[in-house]
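Enquirer: See coords.pdb below, with PDB, C-alpha atoms and all ligand atoms.
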```
ATOM      1  CA  MET I 676     179.836  77.315  42.771
ATOM      2  CA  GLN I 677     183.484  76.618  42.009
ATOM      3  CA  GLY I 678     186.137  76.614  44.751
ATOM      4  CA  LYS I 679     184.074  74.981  47.471
ATOM      5  CA  ILE I 680     185.814  73.533  50.535
ATOM      6  CA  ALA I 681     184.286  70.451  52.152
ATOM      7  CA  ILE I 682     185.292  69.417  55.653
ATOM      8  CA  GLU I 683     183.467  66.268  56.799
ATOM      9  CA  GLU I 684     184.855  63.884  54.214
ATOM     10  CA  HIS I 685     185.887  60.460  55.382
ATOM     11  CA  PHE I 686     188.410  57.761  54.623
ATOM     12  CA  ALA I 687     189.125  54.326  56.035
ATOM     13  CA  TYR I 688     192.607  53.117  56.778
ATOM     14  CA  ASP I 689     192.748  49.340  56.578
ATOM     15  CA  SER I 690     189.289  48.074  57.400
ATOM     16  CA  PRO I 691     186.315  50.029  56.115
ATOM     17  CA  ASP I 692     184.078  47.293  57.559
ATOM     18  CA  ALA I 693     184.980  48.050  61.192
ATOM     19  CA  ASP I 694     181.862  50.114  61.865
ATOM     20  CA  THR I 695     179.215  47.416  61.850
ATOM     21  CA  ALA I 696     176.313  49.790  62.350
ATOM     22  CA  ARG I 697     177.199  51.902  59.328
ATOM     23  CA  ARG I 698     177.824  48.828  57.229
ATOM     24  CA  LEU I 699     174.386  47.439  58.059
ATOM     25  CA  GLU I 700     172.781  50.820  57.555
ATOM     26  CA  HIS I 701     174.296  51.026  54.071
ATOM     27  CA  ALA I 702     173.553  47.352  53.384
ATOM     28  CA  ASP I 703     172.444  47.923  49.791
ATOM     29  CA  SER I 704     175.325  50.181  48.830
ATOM     30  CA  TRP I 705     178.095  49.284  51.276
ATOM     31  CA  ALA I 706     180.438  47.792  48.693
ATOM     32  CA  GLU I 707     180.476  51.097  46.817
ATOM     33  CA  THR I 708     180.822  53.149  50.021
ATOM     34  CA  ALA I 709     183.687  50.943  51.214
ATOM     35  CA  ARG I 710     185.437  51.263  47.854
ATOM     36  CA  ARG I 711     185.223  55.031  48.065
ATOM     37  CA  LEU I 712     186.381  55.119  51.709
ATOM     38  CA  VAL I 713     189.780  53.690  50.790
ATOM     39  CA  ASP I 714     190.191  55.790  47.628
ATOM     40  CA  PHE I 715     192.011  59.095  47.837
ATOM     41  CA  HIS I 716     193.196  60.176  44.424
ATOM     42  CA  ASP I 717     190.893  58.636  41.848
ATOM     43  CA  LEU I 718     187.095  58.556  42.436
ATOM     44  CA  ARG I 719     187.293  61.222  45.128
ATOM     45  CA  LEU I 720     189.180  63.770  43.035
ATOM     46  CA  LYS I 721     187.044  63.046  39.955
ATOM     47  CA  ASP I 722     183.883  63.752  41.969
ATOM     48  CA  MET I 723     185.453  66.882  43.452
ATOM     49  CA  ASP I 724     186.336  68.108  39.957
ATOM     50  CA  ALA I 725     182.808  67.434  38.717
ATOM     51  CA  THR I 726     181.103  69.216  41.627
ATOM     52  CA  GLY I 727     183.259  72.337  42.029
ATOM     53  CA  ILE I 728     184.964  71.227  45.238
ATOM     54  CA  GLU I 729     188.501  72.527  45.258
ATOM     55  CA  TYR I 730     189.648  71.267  48.630
ATOM     56  CA  ALA I 731     188.541  68.632  51.152
ATOM     57  CA  ILE I 732     189.727  68.061  54.720
ATOM     58  CA  LEU I 733     189.714  64.302  55.297
ATOM     59  CA  SER I 734     189.021  62.398  58.499
ATOM     60  CA  LEU I 735     188.893  58.804  59.619
ATOM     61  CA  ASN I 736     185.445  57.168  59.425
ATOM     62  CA  ALA I 737     183.604  56.644  62.745
ATOM     63  CA  PRO I 738     184.131  55.271  65.320
ATOM     64  CA  ALA I 739     187.755  54.382  64.530
ATOM     65  CA  VAL I 740     190.151  55.256  67.368
ATOM     66  CA  GLN I 741     187.344  55.953  69.856
ATOM     67  CA  MET I 742     186.260  52.283  69.903
ATOM     68  CA  ILE I 743     189.696  50.889  70.786
ATOM     69  CA  LEU I 744     189.566  49.703  74.398
ATOM     70  CA  GLU I 745     193.235  49.769  75.376
ATOM     71  CA  PRO I 746     194.791  53.262  75.534
ATOM     72  CA  LYS I 747     198.209  52.048  74.395
ATOM     73  CA  GLU I 748     196.696  50.527  71.252
ATOM     74  CA  ALA I 749     194.653  53.681  70.634
ATOM     75  CA  ILE I 750     197.763  55.863  70.898
ATOM     76  CA  GLU I 751     199.641  53.689  68.396
ATOM     77  CA  ALA I 752     196.671  53.464  66.018
ATOM     78  CA  ALA I 753     196.078  57.234  66.004
ATOM     79  CA  ARG I 754     199.733  57.847  65.195
ATOM     80  CA  ARG I 755     199.661  55.294  62.384
ATOM     81  CA  TYR I 756     196.414  56.693  60.909
ATOM     82  CA  ASN I 757     197.665  60.279  61.077
ATOM     83  CA  ASP I 758     200.978  59.455  59.426
ATOM     84  CA  PHE I 759     199.118  57.585  56.687
ATOM     85  CA  LEU I 760     196.755  60.510  56.127
ATOM     86  CA  ALA I 761     199.678  62.944  55.990
ATOM     87  CA  GLU I 762     201.264  60.798  53.241
ATOM     88  CA  GLN I 763     198.045  60.923  51.195
ATOM     89  CA  VAL I 764     197.685  64.673  51.697
ATOM     90  CA  ALA I 765     201.317  65.234  50.679
ATOM     91  CA  LYS I 766     200.547  63.775  47.246
ATOM     92  CA  ARG I 767     197.882  66.448  46.580
ATOM     93  CA  PRO I 768     198.317  69.309  49.055
ATOM     94  CA  ASP I 769     196.461  71.555  46.626
ATOM     95  CA  ARG I 770     193.292  69.429  46.992
ATOM     96  CA  LEU I 771     193.451  67.594  50.318
ATOM     97  CA  GLY I 772     193.984  68.411  53.976
ATOM     98  CA  GLY I 773     193.757  66.207  57.064
ATOM     99  CA  PHE I 774     192.138  66.222  60.484
ATOM    100  CA  ALA I 775     193.990  64.543  63.341
ATOM    101  CA  ALA I 776     192.514  61.376  64.841
ATOM    102  CA  LEU I 777     193.102  61.407  68.594
ATOM    103  CA  PRO I 778     193.462  58.728  71.314
ATOM    104  CA  MET I 779     191.003  60.326  73.736
ATOM    105  CA  GLN I 780     191.358  57.267  76.007
ATOM    106  CA  ASP I 781     194.444  59.076  77.350
ATOM    107  CA  PRO I 782     193.911  62.865  77.453
ATOM    108  CA  GLU I 783     197.603  63.627  77.831
ATOM    109  CA  ALA I 784     198.516  61.439  74.837
ATOM    110  CA  ALA I 785     195.652  63.007  72.845
ATOM    111  CA  ALA I 786     197.088  66.473  73.496
ATOM    112  CA  ALA I 787     200.564  65.290  72.482
ATOM    113  CA  GLU I 788     199.268  63.687  69.272
ATOM    114  CA  LEU I 789     197.273  66.801  68.363
ATOM    115  CA  THR I 790     200.357  68.944  68.908
ATOM    116  CA  ARG I 791     202.400  66.619  66.672
ATOM    117  CA  CYS I 792     199.720  66.641  63.968
ATOM    118  CA  VAL I 793     199.440  70.435  63.951
ATOM    119  CA  LYS I 794     203.132  71.269  64.247
ATOM    120  CA  ASP I 795     204.782  68.416  62.325
ATOM    121  CA  LEU I 796     202.096  67.212  59.889
ATOM    122  CA  GLY I 797     200.446  70.579  59.200
ATOM    123  CA  PHE I 798     196.897  69.453  60.073
ATOM    124  CA  PRO I 799     194.469  72.356  60.655
ATOM    125  CA  GLY I 800     192.482  70.673  63.443
ATOM    126  CA  ALA I 801     191.140  67.412  64.862
ATOM    127  CA  LEU I 802     188.063  65.308  64.225
ATOM    128  CA  VAL I 803     187.023  62.978  67.027
ATOM    129  CA  ASN I 804     184.183  60.470  66.758
ATOM    130  CA  GLY I 805     182.241  61.299  69.909
ATOM    131  CA  PHE I 806     182.730  59.665  73.303
ATOM    132  CA  THR I 807     185.514  57.204  73.848
ATOM    133  CA  GLN I 808     185.413  53.683  75.193
ATOM    134  CA  LYS I 809     188.195  52.528  77.516
ATOM    135  CA  HIS I 810     189.176  49.121  78.967
ATOM    136  CA  VAL I 811     185.656  47.590  78.854
ATOM    137  CA  PRO I 812     183.127  47.510  75.993
ATOM    138  CA  ASP I 813     180.268  49.204  77.835
ATOM    139  CA  SER I 814     182.353  52.227  78.871
ATOM    140  CA  VAL I 815     181.308  55.683  77.681
ATOM    141  CA  ILE I 816     183.560  58.630  78.487
ATOM    142  CA  TYR I 817     182.572  62.179  77.555
ATOM    143  CA  TYR I 818     185.095  64.993  77.444
ATOM    144  CA  ASP I 819     183.556  67.409  79.955
ATOM    145  CA  GLY I 820     185.289  65.738  82.928
ATOM    146  CA  PRO I 821     188.159  67.367  84.831
ATOM    147  CA  GLU I 822     190.697  64.897  83.427
ATOM    148  CA  TYR I 823     190.173  66.493  79.979
ATOM    149  CA  ARG I 824     190.798  70.124  81.038
ATOM    150  CA  PRO I 825     194.541  70.020  80.162
ATOM    151  CA  PHE I 826     193.619  68.575  76.758
ATOM    152  CA  TRP I 827     191.242  71.465  76.070
ATOM    153  CA  ALA I 828     193.870  73.939  77.264
ATOM    154  CA  CYS I 829     196.161  72.455  74.609
ATOM    155  CA  VAL I 830     193.495  72.733  71.868
ATOM    156  CA  GLU I 831     192.924  76.377  72.753
ATOM    157  CA  ALA I 832     196.650  77.143  72.863
ATOM    158  CA  LEU I 833     197.181  75.551  69.430
ATOM    159  CA  GLU I 834     194.265  77.649  68.084
ATOM    160  CA  VAL I 835     192.807  74.769  66.056
ATOM    161  CA  PRO I 836     189.120  73.786  65.861
ATOM    162  CA  PHE I 837     187.879  70.448  67.217
ATOM    163  CA  TYR I 838     185.255  68.661  65.085
ATOM    164  CA  MET I 839     182.922  66.560  67.230
ATOM    165  CA  HIS I 840     181.698  63.860  64.844
ATOM    166  CA  PRO I 841     178.903  61.415  65.760
ATOM    167  CA  ARG I 842     179.211  57.765  66.602
ATOM    168  CA  THR I 843     176.668  55.138  67.497
ATOM    169  CA  ALA I 844     175.792  54.431  71.139
ATOM    170  CA  VAL I 845     177.483  51.310  72.553
ATOM    171  CA  TYR I 846     175.210  48.298  72.196
ATOM    172  CA  GLU I 847     175.222  47.518  75.924
ATOM    173  CA  ARG I 848     173.679  50.930  76.648
ATOM    174  CA  ALA I 849     171.352  51.240  73.688
ATOM    175  CA  GLN I 850     168.110  50.020  75.286
ATOM    176  CA  PRO I 851     166.069  53.016  73.998
ATOM    177  CA  TYR I 852     166.698  51.742  70.463
ATOM    178  CA  GLU I 853     165.772  48.125  71.142
ATOM    179  CA  GLY I 854     163.660  46.736  68.322
ATOM    180  CA  HIS I 855     164.175  49.899  66.234
ATOM    181  CA  PRO I 856     167.550  49.536  64.521
ATOM    182  CA  TRP I 857     166.648  52.211  61.953
ATOM    183  CA  LEU I 858     166.929  54.835  64.729
ATOM    184  CA  PHE I 859     170.238  53.584  66.078
ATOM    185  CA  SER I 860     172.790  55.439  63.961
ATOM    186  CA  SER I 861     172.636  58.321  61.500
ATOM    187  CA  ALA I 862     168.839  58.622  61.188
ATOM    188  CA  TRP I 863     168.464  59.729  64.825
ATOM    189  CA  GLY I 864     171.004  58.364  67.323
ATOM    190  CA  PHE I 865     173.969  60.298  65.898
ATOM    191  CA  ALA I 866     172.305  63.646  66.595
ATOM    192  CA  VAL I 867     171.227  62.554  70.094
ATOM    193  CA  GLU I 868     174.779  61.499  71.002
ATOM    194  CA  THR I 869     176.552  64.485  69.518
ATOM    195  CA  SER I 870     174.176  67.206  70.678
ATOM    196  CA  LEU I 871     174.234  65.782  74.203
ATOM    197  CA  HIS I 872     178.033  65.751  74.211
ATOM    198  CA  VAL I 873     178.317  69.373  73.063
ATOM    199  CA  LEU I 874     175.693  70.553  75.566
ATOM    200  CA  ARG I 875     177.601  68.700  78.306
ATOM    201  CA  LEU I 876     180.756  70.605  77.325
ATOM    202  CA  ILE I 877     178.871  73.893  77.614
ATOM    203  CA  GLY I 878     177.247  72.932  80.918
ATOM    204  CA  SER I 879     180.631  71.980  82.383
ATOM    205  CA  CYS I 880     181.760  75.626  82.029
ATOM    206  CA  LEU I 881     184.372  74.549  79.471
ATOM    207  CA  PHE I 882     183.921  77.727  77.432
ATOM    208  CA  ASP I 883     184.013  79.956  80.505
ATOM    209  CA  GLU I 884     187.451  78.495  81.210
ATOM    210  CA  TYR I 885     188.648  78.396  77.577
ATOM    211  CA  PRO I 886     186.705  81.121  75.786
ATOM    212  CA  ARG I 887     188.702  80.886  72.547
ATOM    213  CA  LEU I 888     187.925  77.179  71.951
ATOM    214  CA  GLN I 889     186.045  76.427  68.733
ATOM    215  CA  ILE I 890     184.013  73.229  68.322
ATOM    216  CA  VAL I 891     182.585  72.179  64.945
ATOM    217  CA  ILE I 892     179.547  69.926  64.605
ATOM    218  CA  GLY I 893     177.972  68.562  61.445
ATOM    219  CA  HIS I 894     174.513  67.794  60.058
ATOM    220  CA  LEU I 895     173.321  71.408  60.404
ATOM    221  CA  GLY I 896     174.023  71.402  64.119
ATOM    222  CA  GLU I 897     172.751  67.955  65.187
ATOM    223  CA  ARG I 898     169.273  69.481  65.834
ATOM    224  CA  ILE I 899     170.575  72.045  68.350
ATOM    225  CA  PRO I 900     169.637  75.206  66.371
ATOM    226  CA  TYR I 901     165.998  74.120  66.256
ATOM    227  CA  ASP I 902     165.884  73.968  70.061
ATOM    228  CA  MET I 903     168.144  76.868  71.064
ATOM    229  CA  TRP I 904     165.374  79.101  72.342
ATOM    230  CA  ARG I 905     163.844  76.276  74.358
ATOM    231  CA  LEU I 906     167.209  75.301  75.869
ATOM    232  CA  ASP I 907     167.674  78.824  77.216
ATOM    233  CA  HIS I 908     164.025  79.149  78.221
ATOM    234  CA  ARG I 909     163.806  75.898  80.187
ATOM    235  CA  ILE I 910     167.197  76.269  81.890
ATOM    236  CA  LYS I 911     166.165  79.763  82.987
ATOM    237  CA  THR I 912     162.877  78.379  84.315
ATOM    238  CA  ILE I 913     164.402  75.274  85.932
ATOM    239  CA  PRO I 914     168.150  75.886  86.329
ATOM    240  CA  ALA I 915     168.718  72.507  88.042
ATOM    241  CA  GLY I 916     172.186  73.653  89.062
ATOM    242  CA  TYR I 917     173.244  74.880  85.569
ATOM    243  CA  PRO I 918     176.648  76.374  86.403
ATOM    244  CA  ALA I 919     177.822  78.156  83.222
ATOM    245  CA  ARG I 920     177.890  81.961  83.308
ATOM    246  CA  LYS I 921     175.824  82.589  80.191
ATOM    247  CA  PRO I 922     172.805  80.986  78.483
ATOM    248  CA  MET I 923     173.608  78.007  76.240
ATOM    249  CA  SER I 924     172.835  80.014  73.101
ATOM    250  CA  ALA I 925     175.607  82.489  73.949
ATOM    251  CA  TYR I 926     178.228  79.716  73.850
ATOM    252  CA  LEU I 927     176.685  78.117  70.774
ATOM    253  CA  ARG I 928     177.062  81.456  68.954
ATOM    254  CA  ALA I 929     180.595  82.118  70.252
ATOM    255  CA  ASN I 930     182.282  78.694  70.445
ATOM    256  CA  VAL I 931     180.477  76.439  67.950
ATOM    257  CA  HIS I 932     180.406  76.256  64.144
ATOM    258  CA  ILE I 933     178.063  73.931  62.275
ATOM    259  CA  THR I 934     178.386  72.294  58.867
ATOM    260  CA  THR I 935     175.967  71.234  56.156
ATOM    261  CA  SER I 936     177.184  67.600  56.147
ATOM    262  CA  GLY I 937     174.473  65.102  55.249
ATOM    263  CA  ASN I 938     171.598  67.537  55.794
ATOM    264  CA  PHE I 939     170.557  69.110  52.516
ATOM    265  CA  SER I 940     167.218  70.618  53.538
ATOM    266  CA  ASP I 941     166.301  74.228  52.741
ATOM    267  CA  SER I 942     163.975  74.655  55.710
ATOM    268  CA  THR I 943     166.453  73.205  58.215
ATOM    269  CA  PHE I 944     169.177  75.369  56.672
ATOM    270  CA  ARG I 945     166.997  78.493  57.148
ATOM    271  CA  CYS I 946     166.562  77.687  60.826
ATOM    272  CA  ALA I 947     170.279  77.012  61.298
ATOM    273  CA  ILE I 948     171.215  80.317  59.655
ATOM    274  CA  ALA I 949     168.635  82.250  61.682
ATOM    275  CA  GLU I 950     169.948  80.843  64.968
ATOM    276  CA  MET I 951     173.700  80.591  64.300
ATOM    277  CA  GLY I 952     174.363  83.313  61.703
ATOM    278  CA  ILE I 953     176.036  82.933  58.294
ATOM    279  CA  GLU I 954     179.545  83.337  59.724
ATOM    280  CA  ARG I 955     179.251  80.158  61.833
ATOM    281  CA  ILE I 956     178.168  77.811  59.062
ATOM    282  CA  LEU I 957     180.564  75.806  56.860
ATOM    283  CA  PHE I 958     180.066  73.606  53.825
ATOM    284  CA  ALA I 959     180.565  69.842  54.206
ATOM    285  CA  LEU I 960     179.167  66.723  52.551
ATOM    286  CA  ASP I 961     179.826  63.579  54.644
ATOM    287  CA  TYR I 962     181.278  61.750  51.628
ATOM    288  CA  PRO I 963     181.121  58.840  50.890
ATOM    289  CA  MET I 964     178.162  58.257  53.226
ATOM    290  CA  GLU I 965     176.486  60.842  50.985
ATOM    291  CA  VAL I 966     176.758  61.119  47.213
ATOM    292  CA  MET I 967     179.020  64.090  46.518
ATOM    293  CA  ALA I 968     176.860  65.469  43.695
ATOM    294  CA  ASP I 969     173.705  65.428  45.861
ATOM    295  CA  GLY I 970     175.147  67.753  48.497
ATOM    296  CA  ALA I 971     177.068  69.938  46.066
ATOM    297  CA  ASN I 972     174.077  70.448  43.757
ATOM    298  CA  TRP I 973     171.811  71.287  46.666
ATOM    299  CA  PHE I 974     174.304  73.811  48.025
ATOM    300  CA  ASP I 975     174.944  75.403  44.635
ATOM    301  CA  ASN I 976     171.225  75.885  43.976
ATOM    302  CA  THR I 977     169.552  76.424  47.336
ATOM    303  CA  PRO I 978     167.465  79.627  47.197
ATOM    304  CA  VAL I 979     168.147  80.169  50.914
ATOM    305  CA  LEU I 980     171.506  81.869  50.160
ATOM    306  CA  THR I 981     172.563  84.997  48.323
ATOM    307  CA  GLU I 982     175.693  84.536  46.191
ATOM    308  CA  ALA I 983     177.762  86.419  48.797
ATOM    309  CA  GLU I 984     176.484  84.076  51.524
ATOM    310  CA  ARG I 985     177.160  81.021  49.358
ATOM    311  CA  LEU I 986     180.776  82.134  48.994
ATOM    312  CA  LYS I 987     181.144  82.567  52.757
ATOM    313  CA  ILE I 988     179.709  79.171  53.708
ATOM    314  CA  GLY I 989     181.196  77.374  50.715
ATOM    315  CA  ARG I 990     184.696  78.765  51.125
ATOM    316  CA  THR I 991     185.779  81.859  53.012
ATOM    317  CA  ASN I 992     184.384  81.033  56.487
ATOM    318  CA  THR I 993     186.352  77.775  56.359
ATOM    319  CA  ILE I 994     189.590  79.380  55.183
ATOM    320  CA  ARG I 995     189.337  81.861  58.045
ATOM    321  CA  LEU I 996     188.473  79.358  60.784
ATOM    322  CA  PHE I 997     191.106  76.778  59.827
ATOM    323  CA  LYS I 998     193.684  79.317  58.561
ATOM    324  CA  LEU I 999     193.950  77.348  55.328
ATOM    325  CA  PRO I1000     196.679  78.350  52.863
ATOM    326  CA  LEU I1001     194.122  79.073  50.130
ATOM    327  CA  ALA I1002     193.129  82.358  48.511
ATOM    328  CA  ALA I1003     189.939  83.760  50.015
TER     329      ALA I1003
HETATM  330 ZN    ZN K   1     180.538  61.989  58.875
END
```
Using structure tokens, write down the structure from this file.
Ligand code: ZN
Expert:
Amino acid sequence: MQGKIAIEEHFAYDSPDADTARRLEHADSWAETARRLVDFHDLRLKDMDATGIEYAILSLNAPAVQMILEPKEAIEAARRYNDFLAEQVAKRPDRLGGFAALPMQDPEAAAAELTRCVKDLGFPGALVNGFTQKHVPDSVIYYDGPEYRPFWACVEALEVPFYMHPRTAVYERAQPYEGHPWLFSSAWGFAVETSLHVLRLIGSCLFDEYPRLQIVIGHLGERIPYDMWRLDHRIKTIPAGYPARKPMSAYLRANVHITTSGNFSDSTFRCAIAEMGIERILFALDYPMEVMADGANWFDNTPVLTEAERLKIGRTNTIRLFKLPLAA
């Protein structure tokens, strides 16, 4: 399919080696991945041309800003990264867009930076790499707490989606993975972290308070679609103080979109479509952690989709959600 739009495509600013876990995970191919992370206009655009991808929304590779301990440094770094990304996008606005990186260590500063990115830099949303650390290395702060409510009010008022991207657990709290480093990051831990964070947002009544908020998650929903029925079923059986007004599945189908990033499986895709519906699924690759041609060829040929559905997921759903200035 020509004209695809891909929205979980990463870049690195100055140090692609900062994420140790990913570097080790990609030990055999890291040099190539790192080379592609800092390239914007050469290898990336050639691959996009070859695979029918017209437009990509770029984001900083995980964990980036979220691992910076001092809020002041995080605020400065996010601003620097976003300005740099805007410069790259300005060279090829017909092919590239940008997601804001946000200093979630300081919710008020995060809201201000998002506002600047949307209004001044023309970014269509934000991508944040999971929980944030703050002050000390073993800190883990999720965004369902009351201190983040004004931030979410700002996201809703700006009418831009928020992409919740995975990150690895902090080493000091990663005892369940001890002795099993292959489970620590993208093979399993990413989905555990990200699904938990999104379910925490739902359980905190966030979407009762801000019903127009839209969260995006990758990897065909970080395993949530597979367990949607059971989530509702077990919370109904054992509510354990669940405070939100509706079952979890109602929020997942009203406030969450999922992407195909890094999960090119027909059977998983079928489940995701059955639970979420075609309108809530968007094409993405997770380049350069994934080979662009692998994801694009799978998407172009999967028998799961009709051609009309392929067009929606590959292009028009994304244009609508992010209000992109592209022809539907
Ligand atoms: Zn990614």
Enquirer: Kindly compile the residues surrounding ligand ZN 1 (chain K) within 10 Å, counting all atoms listed in the file, and format them as a PDB file with C-alpha atoms, in the coordinates of the input.
Expert:
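Okay, part15.pdb is ready:
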```pdb
ATOM      1  CA  ILE I 682     185.292  69.417  55.653  1.00  0.00           C
ATOM      2  CA  GLU I 683     183.467  66.268  56.799  1.00  0.00           C
ATOM      3  CA  GLU I 684     184.855  63.884  54.214  1.00  0.00           C
ATOM      4  CA  HIS I 685     185.887  60.460  55.382  1.00  0.00           C
ATOM      5  CA  PHE I 686     188.410  57.761  54.623  1.00  0.00           C
ATOM      6  CA  SER I 734     189.021  62.398  58.499  1.00  0.00           C
ATOM      7  CA  LEU I 735     188.893  58.804  59.619  1.00  0.00           C
ATOM      8  CA  ASN I 736     185.445  57.168  59.425  1.00  0.00           C
ATOM      9  CA  ALA I 737     183.604  56.644  62.745  1.00  0.00           C
ATOM     10  CA  PRO I 738     184.131  55.271  65.320  1.00  0.00           C
ATOM     11  CA  LEU I 802     188.063  65.308  64.225  1.00  0.00           C
ATOM     12  CA  ASN I 804     184.183  60.470  66.758  1.00  0.00           C
ATOM     13  CA  MET I 839     182.922  66.560  67.230  1.00  0.00           C
ATOM     14  CA  HIS I 840     181.698  63.860  64.844  1.00  0.00           C
ATOM     15  CA  PRO I 841     178.903  61.415  65.760  1.00  0.00           C
ATOM     16  CA  ARG I 842     179.211  57.765  66.602  1.00  0.00           C
ATOM     17  CA  SER I 861     172.636  58.321  61.500  1.00  0.00           C
ATOM     18  CA  PHE I 865     173.969  60.298  65.898  1.00  0.00           C
ATOM     19  CA  ILE I 892     179.547  69.926  64.605  1.00  0.00           C
ATOM     20  CA  GLY I 893     177.972  68.562  61.445  1.00  0.00           C
ATOM     21  CA  HIS I 894     174.513  67.794  60.058  1.00  0.00           C
ATOM     22  CA  SER I 936     177.184  67.600  56.147  1.00  0.00           C
ATOM     23  CA  GLY I 937     174.473  65.102  55.249  1.00  0.00           C
ATOM     24  CA  ALA I 959     180.565  69.842  54.206  1.00  0.00           C
ATOM     25  CA  LEU I 960     179.167  66.723  52.551  1.00  0.00           C
ATOM     26  CA  ASP I 961     179.826  63.579  54.644  1.00  0.00           C
ATOM     27  CA  TYR I 962     181.278  61.750  51.628  1.00  0.00           C
ATOM     28  CA  PRO I 963     181.121  58.840  50.890  1.00  0.00           C
ATOM     29  CA  MET I 964     178.162  58.257  53.226  1.00  0.00           C
ATOM     30  CA  GLU I 965     176.486  60.842  50.985  1.00  0.00           C
TER      31      GLU I 965
END
```
Enquirer: I need the residue nearest Glu822 (chain I) from this list: I:Asp703, I:Glu783, I:Asp724, I:Asp969. Use all atoms listed in the file for the distance.
Expert: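 Among the listed residues, the smallest separation from Glu822 (chain I) belongs to I:Glu783.
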Enquirer: Need the shell around Ile816 (chain I): protein/DNA/RNA residues with any atom at most 8 Å away, counting only C-alpha atoms. Skip same-chain ones fewer than 3 positions apart. Format as a list in words?
Expert: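 The neighbour list is Phe806, Thr807, Gln808 and Lys809 of chain I.
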Enquirer: Could you list, as an MDAnalysis selection string, every residue within 12 Å of Ile743 (chain I), counting only C-alpha atoms and ignoring same-chain residues fewer than 6 positions away?
Expert: chainID I and resid 693:694 737 749:753 777:781 804 806:815
Enquirer: Rank I:Phe944, I:Tyr730, I:Tyr917, I:Tyr838 by their smallest atom-to-atom distance to Thr977 (chain I), using only C-alpha atoms, and report the top residue only.
Expert: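 Closest residue, counting only C-alpha atoms: I:Phe944.
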Enquirer: Mind checking which residues fall within 9 Å of Phe859 (chain I), counting all atoms listed in the file, ignoring those fewer than 6 positions away in the same chain, and posting them as a PyMOL selection string?
Expert: chain I and resi 696+843-844+849+851-853+865
Enquirer: Evaluate the PyMOL selection byres (((chain I and resi 769-773) around 9) and not hetatm) against this structure - the residues, as a list of chain:residue names, please.
Expert: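 Selected by the PyMOL selection byres (((chain I and resi 769-773) around 9) and not hetatm) in this file: I:Ile682, I:Phe715, I:Leu720, I:Met723, I:Ile728, I:Glu729, I:Tyr730, I:Ala731, I:Ile732, I:Leu733, I:Ser734, I:Asn757, I:Leu760, I:Ala761, I:Gln763, I:Val764, I:Ala765, I:Lys766, I:Arg767, I:Pro768, I:Phe774, I:Ala775, I:Leu796, I:Gly797, I:Phe798, I:Pro799, I:Gly800, I:Ala801, I:Leu1001.
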Enquirer: Using all atoms listed in the file, which of I:Glu748, I:Glu950, I:Asp941, I:Glu788 sits nearest Ser924 (chain I)?
Expert: I:Glu950
Enquirer: Within 12 Å of Asp902 (chain I), counting all atoms listed in the file, which residues qualify if same-chain residues fewer than 6 places away don't, as JSON, numbers by chain?
Expert: {"I": [870, 874, 896, 908, 909, 923, 924, 927, 943, 946, 947, 950, 951]}
Enquirer: Need the neighbours of (177.4, 82.3, 67.8): which residues are at most 9 Å away, counting only C-alpha atoms, as a ChimeraX atom specification?
Expert: /I:924-932,950-952,954-955
Enquirer: So that I can check the surroundings of Leu996 (chain I), please list as a PyMOL selection string every protein, DNA and RNA residue that reaches within 9 Å of it, counting only C-alpha atoms and ignoring chain neighbours fewer than 4 positions away.
Expert: chain I and resi 835-836+889+991-992
Enquirer: What does the structure give for the distance between CA of Val979 (chain I) and CA of Ile680 (chain I), in Å to one decimal?
Expert: 18.9 Å
Enquirer: Mind working out the centre and edge lengths of an axis-aligned box for region 828-840 of chain I, all listed atoms inside, 5 Å added to each side, rounded to one decimal in Å and written as JSON?
Expert:
```
{"center_x": 189.4, "center_y": 70.8, "center_z": 71.1, "size_x": 25.5, "size_y": 23.8, "size_z": 22.4}
```
Enquirer: (189.0, 67.7, 79.0) in this file's frame - what residues fall within 9 Å of it? Use only C-alpha atoms and give the answer as number ranges by chain.
Expert: I: 782, 817-828, 876, 881
Enquirer: Have a look at CA of Ala919 (chain I) and CA of Asp907 (chain I) and let me know their distance in Å, one decimal.
Expert: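 Atom-to-atom, CA of Ala919 (chain I) and CA of Asp907 (chain I) are spaced 11.8 Å apart.
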Enquirer: Selection in question (the file shown): the PyMOL selection byres (((chain I and resi 677) around 8) and not hetatm). Which residues does it include, as a list in words?
Expert: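 Selection result, ordered by chain and number: Met676, Gly678, Lys679, Thr726, Gly727, Ile728 and Glu729 of chain I.
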Enquirer: Take CA of Asp883 (chain I) and CA of Cys829 (chain I) and report the distance between them in Å, one decimal.
Expert: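 Result for CA of Asp883 (chain I) versus CA of Cys829 (chain I): 15.4 Å, one decimal.
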Enquirer: Using all atoms listed in the file, can you tell me which of I:Ala739, I:Ala787, I:Tyr688, I:Ile899 comes closest to Ala709 (chain I)?
Expert: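 Among the listed residues, the smallest separation from Ala709 (chain I) belongs to I:Tyr688.
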Enquirer: Out of I:Ile953, I:Glu707, I:Lys747, I:Ile890, which residue has the shortest atom-to-atom distance to Val830 (chain I) when counting all atoms listed in the file?
Expert: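 Of I:Ile953, I:Glu707, I:Lys747, I:Ile890, the one nearest Val830 (chain I) is I:Ile890, counting all atoms listed in the file.
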